[in-house]
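Containing mmCIF, C-alpha atoms: upload.cif.
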```cif
data_final
#
loop_
_atom_site.label_atom_id
_atom_site.label_comp_id
_atom_site.auth_asym_id
_atom_site.auth_seq_id
_atom_site.Cartn_x
_atom_site.Cartn_y
_atom_site.Cartn_z
CA MET D 1 29.52 156.34 -78.24
CA SER D 2 28.54 156.10 -74.56
CA GLU D 3 25.80 158.73 -75.07
CA ILE D 4 24.35 156.78 -77.97
CA LEU D 5 24.66 153.52 -76.10
CA LYS D 6 22.86 154.96 -73.10
CA ALA D 7 20.05 156.32 -75.27
CA ASN D 8 19.70 152.92 -76.92
CA LEU D 9 19.64 151.04 -73.61
CA LEU D 10 16.78 153.29 -72.47
CA SER D 11 14.80 152.81 -75.71
CA PRO D 12 11.38 151.09 -75.49
CA ILE D 13 12.72 148.10 -77.46
CA VAL D 14 15.59 147.30 -75.11
CA LEU D 15 13.55 148.00 -71.97
CA ALA D 16 10.69 145.79 -73.17
CA PHE D 17 13.20 143.03 -73.96
CA ALA D 18 14.69 143.38 -70.47
CA LEU D 19 11.20 143.19 -68.95
CA GLY D 20 10.51 139.98 -70.88
CA VAL D 21 13.76 138.43 -69.66
CA THR D 22 13.08 139.56 -66.08
CA ALA D 23 9.55 138.17 -66.16
CA ARG D 24 10.89 134.75 -67.08
CA LEU D 25 13.73 134.92 -64.56
CA VAL D 26 11.33 135.59 -61.68
CA ARG D 27 9.18 132.74 -63.06
CA SER D 28 6.19 134.91 -63.89
CA GLU D 29 3.55 133.11 -65.92
CA LEU D 30 3.51 136.08 -68.34
CA GLN D 31 3.52 134.94 -71.94
CA LEU D 32 1.93 136.39 -75.06
CA PRO D 33 -0.71 134.05 -76.47
CA LYS D 34 0.81 132.23 -79.45
CA ASP D 35 -1.82 133.64 -81.82
CA LEU D 36 -1.06 137.21 -80.72
CA TYR D 37 2.65 136.62 -81.22
CA THR D 38 1.91 135.32 -84.73
CA SER D 39 -0.48 138.22 -85.44
CA LEU D 40 2.08 140.79 -84.31
CA SER D 41 4.76 139.26 -86.51
CA ILE D 42 2.38 139.32 -89.50
CA TYR D 43 1.54 142.97 -88.79
CA LEU D 44 5.20 144.00 -88.41
CA LEU D 45 6.45 142.20 -91.51
CA PHE D 46 3.58 143.36 -93.71
CA ALA D 47 3.92 146.96 -92.48
CA LEU D 48 7.65 146.79 -93.16
CA GLY D 49 7.03 145.49 -96.70
CA LEU D 50 4.30 148.04 -97.47
CA LYS D 51 6.35 151.03 -96.30
CA GLY D 52 9.40 149.75 -98.17
CA GLY D 53 7.34 149.22 -101.34
CA VAL D 54 5.99 152.76 -101.24
CA GLU D 55 9.53 154.11 -100.86
CA LEU D 56 10.67 151.84 -103.68
CA SER D 57 8.04 153.38 -105.97
CA HIS D 58 9.91 156.67 -105.94
CA ALA D 59 13.50 155.37 -105.78
CA ALA D 60 15.92 155.52 -108.70
CA TYR D 61 17.03 152.05 -109.82
CA ALA D 62 20.63 153.18 -110.26
CA THR D 63 20.91 153.93 -106.53
CA ILE D 64 19.72 150.43 -105.57
CA ALA D 65 21.98 148.39 -107.86
CA GLY D 66 25.19 148.86 -105.82
CA PRO D 67 23.64 148.21 -102.39
CA ALA D 68 21.76 145.19 -103.78
CA ALA D 69 25.01 143.75 -105.16
CA VAL D 70 26.90 144.11 -101.86
CA THR D 71 23.91 142.65 -99.99
CA LEU D 72 24.04 139.51 -102.14
CA LEU D 73 27.81 139.40 -101.67
CA LEU D 74 27.30 139.50 -97.88
CA GLY D 75 24.68 136.77 -98.19
CA CYS D 76 27.29 134.53 -99.86
CA LEU D 77 30.22 135.48 -97.60
CA THR D 78 28.75 135.32 -94.09
CA PRO D 79 27.69 131.64 -94.16
CA VAL D 80 31.19 130.67 -95.36
CA THR D 81 33.09 132.72 -92.75
CA SER D 82 30.72 131.41 -90.05
CA TYR D 83 31.23 127.81 -91.15
CA LEU D 84 35.02 128.10 -91.29
CA VAL D 85 35.24 129.66 -87.81
CA LEU D 86 32.83 127.12 -86.29
CA ARG D 87 34.47 124.14 -87.94
CA TYR D 88 38.16 124.98 -87.61
CA VAL D 89 38.38 127.34 -84.63
CA GLY D 90 35.48 125.90 -82.63
CA ARG D 91 36.14 122.33 -83.84
CA LEU D 92 32.43 121.60 -84.17
CA ASP D 93 31.41 118.70 -86.39
CA ALA D 94 30.36 119.53 -89.96
CA ALA D 95 26.60 119.20 -89.37
CA ASN D 96 26.54 121.51 -86.34
CA ALA D 97 28.89 124.02 -87.98
CA ALA D 98 26.75 124.14 -91.14
CA ALA D 99 23.48 124.42 -89.17
CA ILE D 100 24.75 127.35 -87.10
CA ALA D 101 26.27 128.95 -90.22
CA ALA D 102 22.82 128.81 -91.88
CA HIS D 103 21.47 130.97 -89.06
CA TYR D 104 24.31 133.51 -89.17
CA GLY D 105 24.28 133.64 -92.96
CA SER D 106 20.61 134.56 -93.01
CA VAL D 107 19.03 137.63 -91.44
CA SER D 108 16.74 138.48 -88.51
CA ALA D 109 13.88 140.77 -89.53
CA VAL D 110 13.33 141.92 -85.94
CA THR D 111 16.98 143.01 -85.66
CA PHE D 112 16.48 144.84 -88.97
CA ILE D 113 13.46 146.69 -87.54
CA ALA D 114 15.33 147.48 -84.32
CA ALA D 115 18.20 148.94 -86.38
CA GLN D 116 15.76 150.97 -88.48
CA THR D 117 14.15 152.37 -85.35
CA PHE D 118 17.56 153.15 -83.84
CA VAL D 119 19.06 155.02 -86.82
CA THR D 120 15.85 156.99 -87.31
CA SER D 121 15.88 158.01 -83.64
CA VAL D 122 19.47 159.32 -83.85
CA GLY D 123 18.57 161.36 -86.94
CA ALA D 124 20.35 159.19 -89.54
CA ALA D 125 17.30 158.17 -91.59
CA PRO D 126 18.21 155.25 -93.87
CA GLU D 127 17.37 154.82 -97.54
CA GLY D 128 13.74 153.81 -98.09
CA PHE D 129 14.67 150.73 -100.09
CA MET D 130 16.32 148.93 -97.17
CA PRO D 131 13.45 146.37 -96.82
CA THR D 132 14.19 145.28 -100.40
CA LEU D 133 17.74 144.45 -99.31
CA LEU D 134 16.34 142.50 -96.36
CA THR D 135 14.47 140.17 -98.72
CA LEU D 136 17.66 139.62 -100.75
CA LEU D 137 19.60 138.53 -97.68
CA GLU D 138 17.11 136.06 -96.27
CA SER D 139 17.63 133.01 -98.45
CA PRO D 140 21.20 132.76 -99.92
CA GLY D 141 22.91 132.28 -96.55
CA ILE D 142 20.67 129.37 -95.57
CA HIS D 143 21.20 127.63 -98.90
CA ILE D 144 24.94 128.06 -98.99
CA ALA D 145 25.35 126.77 -95.44
CA LEU D 146 23.03 123.81 -96.06
CA ALA D 147 24.91 123.04 -99.29
CA ILE D 148 28.18 123.02 -97.35
CA GLY D 149 26.50 120.75 -94.81
CA ALA D 150 25.28 118.42 -97.56
CA LEU D 151 28.80 118.14 -98.98
CA GLN D 152 30.63 117.83 -95.67
CA ALA D 153 28.20 115.95 -93.47
CA GLY D 154 26.42 113.96 -96.17
CA SER D 155 22.98 115.20 -95.23
CA ARG D 156 19.98 114.38 -97.37
CA GLY D 157 17.09 116.65 -98.17
CA SER D 158 16.08 118.23 -101.40
CA PHE D 159 17.34 121.63 -102.48
CA GLY D 160 14.11 122.39 -104.31
CA GLU D 161 11.95 121.56 -101.32
CA THR D 162 14.01 123.74 -98.98
CA LEU D 163 13.97 126.60 -101.49
CA HIS D 164 10.20 126.30 -101.78
CA GLU D 165 9.82 126.29 -98.00
CA ILE D 166 11.95 129.39 -97.49
CA LEU D 167 10.42 131.33 -100.37
CA THR D 168 6.84 130.54 -99.37
CA ALA D 169 7.38 130.98 -95.62
CA ARG D 170 5.27 133.63 -93.90
CA THR D 171 8.19 136.05 -93.62
CA MET D 172 8.98 136.03 -97.32
CA VAL D 173 5.38 136.17 -98.53
CA LEU D 174 4.61 139.13 -96.24
CA LEU D 175 7.83 141.00 -97.05
CA VAL D 176 7.91 140.43 -100.80
CA GLY D 177 4.11 140.67 -101.08
CA GLY D 178 4.12 143.83 -98.97
CA LEU D 179 6.83 145.38 -101.13
CA LEU D 180 4.82 144.61 -104.26
CA VAL D 181 1.54 145.93 -102.82
CA GLY D 182 3.30 149.04 -101.49
CA TYR D 183 5.04 149.61 -104.82
CA LEU D 184 1.79 149.32 -106.77
CA MET D 185 -0.39 151.40 -104.44
CA GLY D 186 2.18 154.18 -104.08
CA GLU D 187 2.03 157.21 -101.79
CA HIS D 188 -1.70 157.74 -102.33
CA GLY D 189 -2.61 154.24 -101.19
CA TRP D 190 -0.19 154.45 -98.27
CA GLN D 191 -1.94 157.54 -96.85
CA ALA D 192 -5.11 155.48 -96.42
CA VAL D 193 -3.50 152.63 -94.47
CA ALA D 194 -0.75 154.60 -92.68
CA PRO D 195 -2.76 155.30 -89.51
CA PHE D 196 -2.92 151.55 -88.88
CA PHE D 197 0.37 150.33 -90.34
CA ASP D 198 2.57 153.28 -89.36
CA GLY D 199 0.82 154.67 -86.29
CA GLY D 200 0.78 151.39 -84.39
CA PHE D 201 4.11 150.06 -85.63
CA LYS D 202 6.41 151.00 -82.76
CA GLY D 203 3.88 149.98 -80.14
CA ALA D 204 3.38 146.60 -81.78
CA LEU D 205 7.15 146.18 -82.06
CA THR D 206 7.58 146.89 -78.35
CA LEU D 207 4.98 144.26 -77.45
CA PHE D 208 6.56 141.76 -79.82
CA ILE D 209 10.02 142.36 -78.31
CA LEU D 210 8.59 141.75 -74.84
CA GLU D 211 7.73 138.22 -75.95
CA MET D 212 11.16 137.90 -77.58
CA GLY D 213 12.66 138.59 -74.17
CA ILE D 214 10.59 135.79 -72.65
CA VAL D 215 11.55 133.36 -75.44
CA ALA D 216 15.23 134.31 -75.18
CA ALA D 217 15.21 133.92 -71.39
CA ASP D 218 13.77 130.42 -71.85
CA ARG D 219 17.02 129.55 -73.58
CA LEU D 220 19.32 131.06 -70.95
CA ALA D 221 19.42 127.76 -69.09
CA ASP D 222 20.89 126.19 -72.24
CA LEU D 223 23.88 128.55 -72.22
CA ARG D 224 25.83 126.12 -70.03
CA GLN D 225 25.25 123.38 -72.56
CA VAL D 226 26.45 125.37 -75.59
CA GLY D 227 29.80 126.25 -74.02
CA LEU D 228 32.10 129.25 -73.95
CA PHE D 229 33.18 129.02 -77.58
CA LEU D 230 29.66 129.40 -78.94
CA ILE D 231 28.89 132.25 -76.52
CA GLY D 232 32.01 134.06 -77.78
CA PHE D 233 31.09 133.23 -81.37
CA GLY D 234 27.62 134.74 -80.86
CA VAL D 235 29.21 138.08 -79.98
CA VAL D 236 32.43 138.23 -82.03
CA MET D 237 31.05 136.92 -85.35
CA PRO D 238 28.30 139.61 -85.47
CA VAL D 239 30.89 142.33 -84.84
CA VAL D 240 33.10 141.03 -87.68
CA HIS D 241 30.16 140.66 -90.07
CA GLY D 242 28.76 144.02 -88.90
CA ALA D 243 32.05 145.83 -89.64
CA LEU D 244 32.16 144.14 -93.04
CA GLY D 245 28.55 145.16 -93.72
CA ALA D 246 29.22 148.77 -92.71
CA ALA D 247 32.28 148.91 -94.96
CA LEU D 248 30.55 147.34 -97.98
CA GLY D 249 27.47 149.53 -97.45
CA THR D 250 29.63 152.65 -97.37
CA LEU D 251 31.50 151.50 -100.51
CA ALA D 252 28.18 150.93 -102.30
CA GLY D 253 27.13 154.50 -101.53
CA LEU D 254 24.67 153.93 -98.67
CA SER D 255 24.20 156.71 -96.11
CA THR D 256 25.40 156.36 -92.51
CA GLY D 257 21.94 155.10 -91.51
CA GLY D 258 21.76 152.71 -94.47
CA SER D 259 25.27 151.35 -93.82
CA THR D 260 24.38 150.83 -90.15
CA MET D 261 21.33 148.83 -91.18
CA LEU D 262 23.26 146.72 -93.67
CA ALA D 263 25.78 146.06 -90.88
CA ALA D 264 23.00 145.01 -88.50
CA MET D 265 21.55 142.73 -91.19
CA ALA D 266 24.92 141.06 -91.83
CA ALA D 267 25.50 140.75 -88.08
CA SER D 268 22.10 139.26 -87.26
CA ALA D 269 21.21 135.59 -87.06
CA SER D 270 17.91 134.24 -88.37
CA TYR D 271 15.77 132.37 -85.88
CA ILE D 272 12.53 132.03 -87.85
CA ALA D 273 13.45 130.81 -91.36
CA ALA D 274 16.68 129.01 -90.55
CA PRO D 275 15.72 126.63 -87.68
CA PRO D 276 13.19 124.48 -89.59
CA ALA D 277 15.43 124.40 -92.68
CA ALA D 278 18.40 123.28 -90.57
CA ARG D 279 16.29 120.74 -88.68
CA MET D 280 15.01 119.12 -91.88
CA ASN D 281 18.30 119.09 -93.77
CA LEU D 282 20.84 118.55 -90.98
CA PRO D 283 18.99 116.32 -88.51
CA THR D 284 22.14 115.32 -86.62
CA ALA D 285 22.89 118.94 -85.68
CA ASN D 286 21.76 119.87 -82.17
CA PRO D 287 18.94 122.49 -82.27
CA THR D 288 19.95 123.74 -78.81
CA TYR D 289 23.22 125.07 -80.28
CA TYR D 290 21.78 127.11 -83.11
CA LEU D 291 18.64 128.33 -81.34
CA THR D 292 20.49 129.39 -78.21
CA ALA D 293 23.27 131.14 -80.13
CA ALA D 294 20.84 133.05 -82.39
CA LEU D 295 18.15 133.85 -79.81
CA ALA D 296 19.83 134.10 -76.42
CA ILE D 297 23.23 135.50 -77.44
CA THR D 298 23.32 137.28 -80.79
CA PHE D 299 19.86 138.86 -80.81
CA PRO D 300 20.20 140.52 -77.36
CA PHE D 301 23.78 141.55 -78.15
CA ASN D 302 22.74 143.23 -81.40
CA VAL D 303 19.78 145.17 -80.01
CA THR D 304 21.66 146.43 -76.95
CA VAL D 305 25.30 147.03 -77.93
CA GLY D 306 25.71 145.83 -81.52
CA ILE D 307 23.54 148.32 -83.39
CA PRO D 308 25.03 151.43 -81.67
CA LEU D 309 28.48 149.97 -82.38
CA TYR D 310 27.72 149.44 -86.09
CA TYR D 311 26.38 152.99 -86.21
CA GLN D 312 29.65 154.25 -84.75
CA ILE D 313 31.64 152.24 -87.32
CA ALA D 314 29.47 153.53 -90.18
CA ARG D 315 29.81 157.09 -88.93
CA THR D 316 33.61 156.79 -88.78
CA LEU D 317 33.67 155.32 -92.30
CA HIS D 318 31.59 158.24 -93.51
CA GLY D 319 34.14 160.65 -92.05
CA GLY D 320 32.03 161.66 -89.04
CA ALA D 321 33.23 161.81 -85.44
CA MET K 1 -23.92 98.65 -85.40
CA HIS K 2 -21.53 96.86 -87.75
CA THR K 3 -17.87 97.79 -87.34
CA VAL K 4 -14.71 96.81 -89.20
CA THR K 5 -11.42 96.22 -87.38
CA LEU K 6 -8.71 98.60 -88.60
CA LYS K 7 -5.40 99.97 -87.31
CA LEU K 8 -5.33 103.40 -85.70
CA ILE K 9 -1.81 104.75 -86.05
CA THR K 10 -0.91 107.74 -83.89
CA ILE K 11 2.30 109.68 -84.46
CA VAL K 12 3.48 112.48 -82.17
CA ALA K 13 6.40 114.36 -83.72
CA GLU K 14 8.16 117.71 -83.70
CA ALA K 15 6.20 120.26 -85.74
CA VAL K 16 8.84 120.51 -88.47
CA LEU K 17 7.90 116.98 -89.60
CA LYS K 18 4.23 117.82 -90.20
CA GLU K 19 4.31 118.03 -94.01
CA PRO K 20 6.66 115.08 -94.67
CA LEU K 21 4.63 112.85 -92.32
CA ILE K 22 1.32 113.76 -93.95
CA ARG K 23 2.84 113.02 -97.35
CA ALA K 24 4.18 109.69 -96.09
CA LEU K 25 0.78 108.69 -94.64
CA ARG K 26 -0.91 109.49 -97.95
CA ASP K 27 1.72 107.57 -99.90
CA ALA K 28 1.20 104.57 -97.63
CA GLY K 29 -2.47 104.55 -98.55
CA ALA K 30 -4.17 106.49 -95.75
CA THR K 31 -7.32 108.11 -97.11
CA GLY K 32 -7.32 110.82 -94.46
CA TYR K 33 -5.82 111.93 -91.17
CA THR K 34 -6.50 114.05 -88.08
CA LEU K 35 -3.95 116.64 -87.01
CA THR K 36 -3.72 118.30 -83.59
CA GLU K 37 -1.11 120.67 -82.23
CA VAL K 38 0.04 119.34 -78.90
CA ARG K 39 2.66 120.16 -76.30
CA GLY K 40 4.91 118.02 -74.26
CA GLU K 41 8.34 116.87 -73.36
CA GLY K 42 10.14 113.64 -74.01
CA SER K 43 13.56 112.06 -73.94
CA ARG K 44 14.76 114.59 -76.51
CA GLY K 45 13.52 117.56 -74.48
CA ARG K 46 11.86 120.64 -75.86
CA ARG K 47 10.93 121.03 -79.51
CA THR K 48 12.59 123.22 -82.09
CA GLY K 49 10.88 126.26 -83.62
CA GLU K 50 10.36 129.94 -83.05
CA LEU K 51 8.29 129.08 -79.99
CA PRO K 52 9.47 125.99 -78.14
CA GLY K 53 7.25 123.17 -77.00
CA ASP K 54 5.05 122.49 -80.01
CA ASN K 55 4.49 119.04 -81.44
CA VAL K 56 2.00 117.65 -83.91
CA ARG K 57 -0.16 114.59 -83.31
CA LEU K 58 -1.25 112.77 -86.45
CA GLU K 59 -3.86 110.04 -86.39
CA ALA K 60 -4.93 107.90 -89.30
CA LEU K 61 -7.06 104.80 -89.85
CA VAL K 62 -5.34 102.31 -92.12
CA GLY K 63 -5.19 98.64 -93.03
CA PRO K 64 -2.48 96.29 -91.68
CA THR K 65 -0.20 96.54 -94.74
CA SER K 66 -0.23 100.35 -94.70
CA VAL K 67 0.65 100.35 -91.02
CA GLU K 68 3.77 98.30 -91.75
CA VAL K 69 4.79 100.71 -94.52
CA VAL K 70 4.37 103.74 -92.23
CA LEU K 71 6.26 102.19 -89.31
CA ARG K 72 9.15 101.10 -91.54
CA MET K 73 9.34 104.60 -93.03
CA LEU K 74 9.46 106.13 -89.52
CA GLU K 75 12.19 103.72 -88.50
CA GLU K 76 14.33 104.43 -91.54
CA ARG K 77 13.92 108.18 -91.86
CA TYR K 78 12.95 109.74 -88.56
CA PHE K 79 13.55 107.65 -85.43
CA PRO K 80 17.35 108.08 -85.42
CA ASN K 81 17.50 111.89 -85.34
CA TYR K 82 14.07 113.34 -84.64
CA ALA K 83 11.68 113.38 -81.71
CA VAL K 84 8.99 110.96 -82.89
CA VAL K 85 6.72 108.61 -80.97
CA ALA K 86 4.32 106.24 -82.71
CA TRP K 87 1.85 103.64 -81.57
CA VAL K 88 -0.73 101.40 -83.19
CA ALA K 89 -4.04 100.14 -81.83
CA ASP K 90 -6.76 97.86 -83.18
CA VAL K 91 -10.01 99.78 -83.39
CA GLY K 92 -13.53 98.99 -84.49
CA VAL K 93 -14.52 101.53 -87.10
CA VAL K 94 -18.03 102.37 -88.23
CA ARG K 95 -18.25 102.47 -92.04
CA GLY K 96 -14.78 100.89 -91.96
CA GLU K 97 -14.84 99.95 -95.64
CA LYS K 98 -14.14 103.66 -96.40
CA TYR K 99 -10.64 103.48 -94.93
CA ALA K 100 -9.03 100.17 -95.74
#
```

Final structure tokens representation of the file:
Amino acid sequence: MSEILKANLLSPIVLAFALGVTARLVRSELQLPKDLYTSLSIYLLFALGLKGGVELSHAAYATIAGPAAVTLLLGCLTPVTSYLVLRYVGRLDAANAAAIAAHYGSVSAVTFIAAQTFVTSVGAAPEGFMPTLLTLLESPGIHIALAIGALQAGSRGSFGETLHEILTARTMVLLVGGLLVGYLMGEHGWQAVAPFFDGGFKGALTLFILEMGIVAADRLADLRQVGLFLIGFGVVMPVVHGALGAALGTLAGLSTGGSTMLAAMAASASYIAAPPAARMNLPTANPTYYLTAALAITFPFNVTVGIPLYYQIARTLHGGA
Amino acid sequence: MHTVTLKLITIVAEAVLKEPLIRALRDAGATGYTLTEVRGEGSRGRRTGELPGDNVRLEALVGPTSVEVVLRMLEERYFPNYAVVAWVADVGVVRGEKYA
């Protein structure tokens, strides 16, 4: 475990993240232009969708059914466990508990990519259809948590409008659209675009993560405001959900790499799709709580220690050392 | 040149309210609007979103009844829980008959 952890801590992703955090801590004016940040996220998500779609075009449907089912199960479970812990252990009010649960019930695409990069680098290549599972996990968690919030905190907001917003958000259009384009163009089409979408992928990811470090460091000052419970929650909840994801992935027949990625997906907290949905539907919830927990606690935890830990759990479940 | 006196309503709000506010302006009878992305800080601190600090500034030329409708809507729906600032000014508008 310590070998793997060390290798991960010295990976370009973690080092770039650390550089971003450091830059902000020493008050450097370094910041990626907003348009570049947006462009990089479009590139990364579309590349992820395309590659996943190509893989999907030569996958057997029978092998996807089980993993897809456990992914949806995770999408329904994680918002509920998050809500119960926040509400009854953390004693947060219903609106705040539901808003944070929406983030932890959904998934972070960047954590997904970091996990994919990690398992590939340790030689445990995951199944090619993993991006399909990512799209399945994005929306249910947000809806379930917001529905709990609507019942418990009496929030307003229309279900249909929120569903439309999540399904037509940039992330979903690029991922689902990319999967479809990749599926239709197949291996032959992929060869033509691979130099751009595959060759530059890790470099673009590293640059994107640098900005993530800066954004996360911006929130470090808010840690005092969110309190010890939420800091603990941001670390313990991902480990619980990650272990559950690794176990369900293994049960559904995923490889060690695939189970690790499902674990990382279950453990991650959305910070792109969930915040606007929570803001619109649960206006009394404090955005500082959910943004700080997802961005400044859970995301850094997952990319540094979490993913190697989930890999270790998945390996043990698969009978490895 | 002949001008018509109208109300210029300016709303600065967190970016997440962009669509609902545009819809509300239209419903209140505004025939158009101007949207700018702006940055700033107020009593509610930084704005929510994947990148902090972004607000939208909406400006629309409307008649006095529409202005009342918009302000009441802001008061009922958004002032209690969101970062929203709004102000109204009398302005002399060229070709003003287009807007009222």

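Taking CA of Glu138 in chain D and CA of Thr111 in chain D as the two end points, the separation is 12.7 Å.
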
With chain K as the partner and 7 Å as the cut-off, tabulate the residues of chain D that qualify, each row holding the nearest pair of atoms and their distance in Å to one decimal, using only C-alpha atoms, sorted by chain and rising number, as CSV.
```
residue,atom,partner,partner_atom,distance
D:Tyr271,CA,K:Glu50,CA,6.6
D:Ile272,CA,K:Glu50,CA,5.7
D:Pro275,CA,K:Gly49,CA,6.3
D:Pro276,CA,K:Val16,CA,6.0
D:Pro283,CA,K:Asn81,CA,5.6
D:Thr284,CA,K:Asn81,CA,5.9
D:Pro287,CA,K:Thr48,CA,6.4
```

What's the 12 Å shell around Thr38 in chain D, counting all atoms listed in the file, without same-chain residues fewer than 5 positions away, as a PDB file with C-alpha atoms, in the frame of the given file?
```
ATOM      1  CA  LEU D  32       1.930 136.390 -75.060  1.00  0.00           C
ATOM      2  CA  PRO D  33      -0.710 134.050 -76.470  1.00  0.00           C
ATOM      3  CA  TYR D  43       1.540 142.970 -88.790  1.00  0.00           C
ATOM      4  CA  LEU D  44       5.200 144.000 -88.410  1.00  0.00           C
ATOM      5  CA  LEU D  45       6.450 142.200 -91.510  1.00  0.00           C
ATOM      6  CA  ARG D 170       5.270 133.630 -93.900  1.00  0.00           C
ATOM      7  CA  THR D 171       8.190 136.050 -93.620  1.00  0.00           C
ATOM      8  CA  ALA D 204       3.380 146.600 -81.780  1.00  0.00           C
ATOM      9  CA  LEU D 207       4.980 144.260 -77.450  1.00  0.00           C
ATOM     10  CA  PHE D 208       6.560 141.760 -79.820  1.00  0.00           C
ATOM     11  CA  GLU D 211       7.730 138.220 -75.950  1.00  0.00           C
ATOM     12  CA  MET D 212      11.160 137.900 -77.580  1.00  0.00           C
ATOM     13  CA  ILE D 272      12.530 132.030 -87.850  1.00  0.00           C
TER      14      ILE D 272
ATOM     15  CA  GLU K  50      10.360 129.940 -83.050  1.00  0.00           C
ATOM     16  CA  LEU K  51       8.290 129.080 -79.990  1.00  0.00           C
TER      17      LEU K  51
END
```

Result set of the PyMOL selection byres ((chain D and resi 288-297) around 6) on the coordinates above, as a ChimeraX atom specification: /D:100,216,219,226,234,269,286-287,298-300

Excluding Thr65 in chain K and any residue of its chain fewer than 4 positions from it, enumerate the residues within 10 Å of it, using only C-alpha atoms, and give them as a ChimeraX atom specification. /K:7,28-29,69-70,100

Evaluate the PyMOL selection byres ((chain K and resi 10) around 10) against this structure - the residues, as a ChimeraX atom specification, please.
/K:7-9,11-13,33-35,57-61,85-89

Practice problem: Excluding range 79-81 of chain D and any residue of its chain fewer than 5 positions from it, enumerate the residues within 10 Å of it, using all atoms listed in the file, and give them as a ChimeraX atom specification. | Solution: /D:74,86-87,97-106,140-146,148,237,240-241

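Taking CA of Met1 in chain K and CA of Gly96 in chain K as endpoints, the distance between them is 11.5 Å.
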
*Skip Glu14 in chain K itself and residues of its chain fewer than 5 positions away, then list as a ChimeraX atom specification all residues within 7 Å of it, counting all atoms listed in the file.*
/K:47,54-56,83-84

- Given only C-alpha atoms as the counted atoms, nearest of D:Val107, D:Gly178, D:Pro126, D:Leu137 to Trp190 in chain D: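 So, comparing all the options, the nearest one is D:Gly178.
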
Could you spell out the hits of the PyMOL selection byres ((chain D and resi 253) around 12) on the shown file, as a PyMOL selection string? chain D and resi 62-70+126-127+246-252+254-259+262+314+317-318

Here CA of Gly232 in chain D and CA of Gly90 in chain D stand apart by 10.1 Å

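Minimum atom-to-atom distance to Thr260 in chain D, evaluated using all atoms listed in the file, belongs to D:Gln116 out of D:Gln225, D:Gln116, D:Thr135, D:Gln191.
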
Q. Quick one: residues within 7 Å of range 162-168 of chain D, only C-alpha atoms counted, chain neighbours fewer than 5 positions away excluded, as a PyMOL selection string?
A. chain D and resi 139+173+273+277

- May I have the protein, DNA and RNA residues with an atom at most 8 Å from (-8.7, 96.7, -89.6), counting all atoms listed in the file in the file's coordinates, returned as number ranges by chain? K: 4-7, 62-64, 90-93, 96, 100

Handout entry: Of the listed residues K:Leu21, K:Tyr99, K:Gly32, K:Val38, that which approaches Met73 in chain K most closely, counting only C-alpha atoms
Key =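 With only C-alpha atoms as the atom set, the closest residue is K:Leu21.
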
- Which residue of D:Gly213, D:Gly245, D:Pro238, D:Gly227 approaches Thr22 in chain D most closely, using only C-alpha atoms: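 When distances to Thr22 in chain D are compared using only C-alpha atoms, the smallest one comes from D:Gly213.
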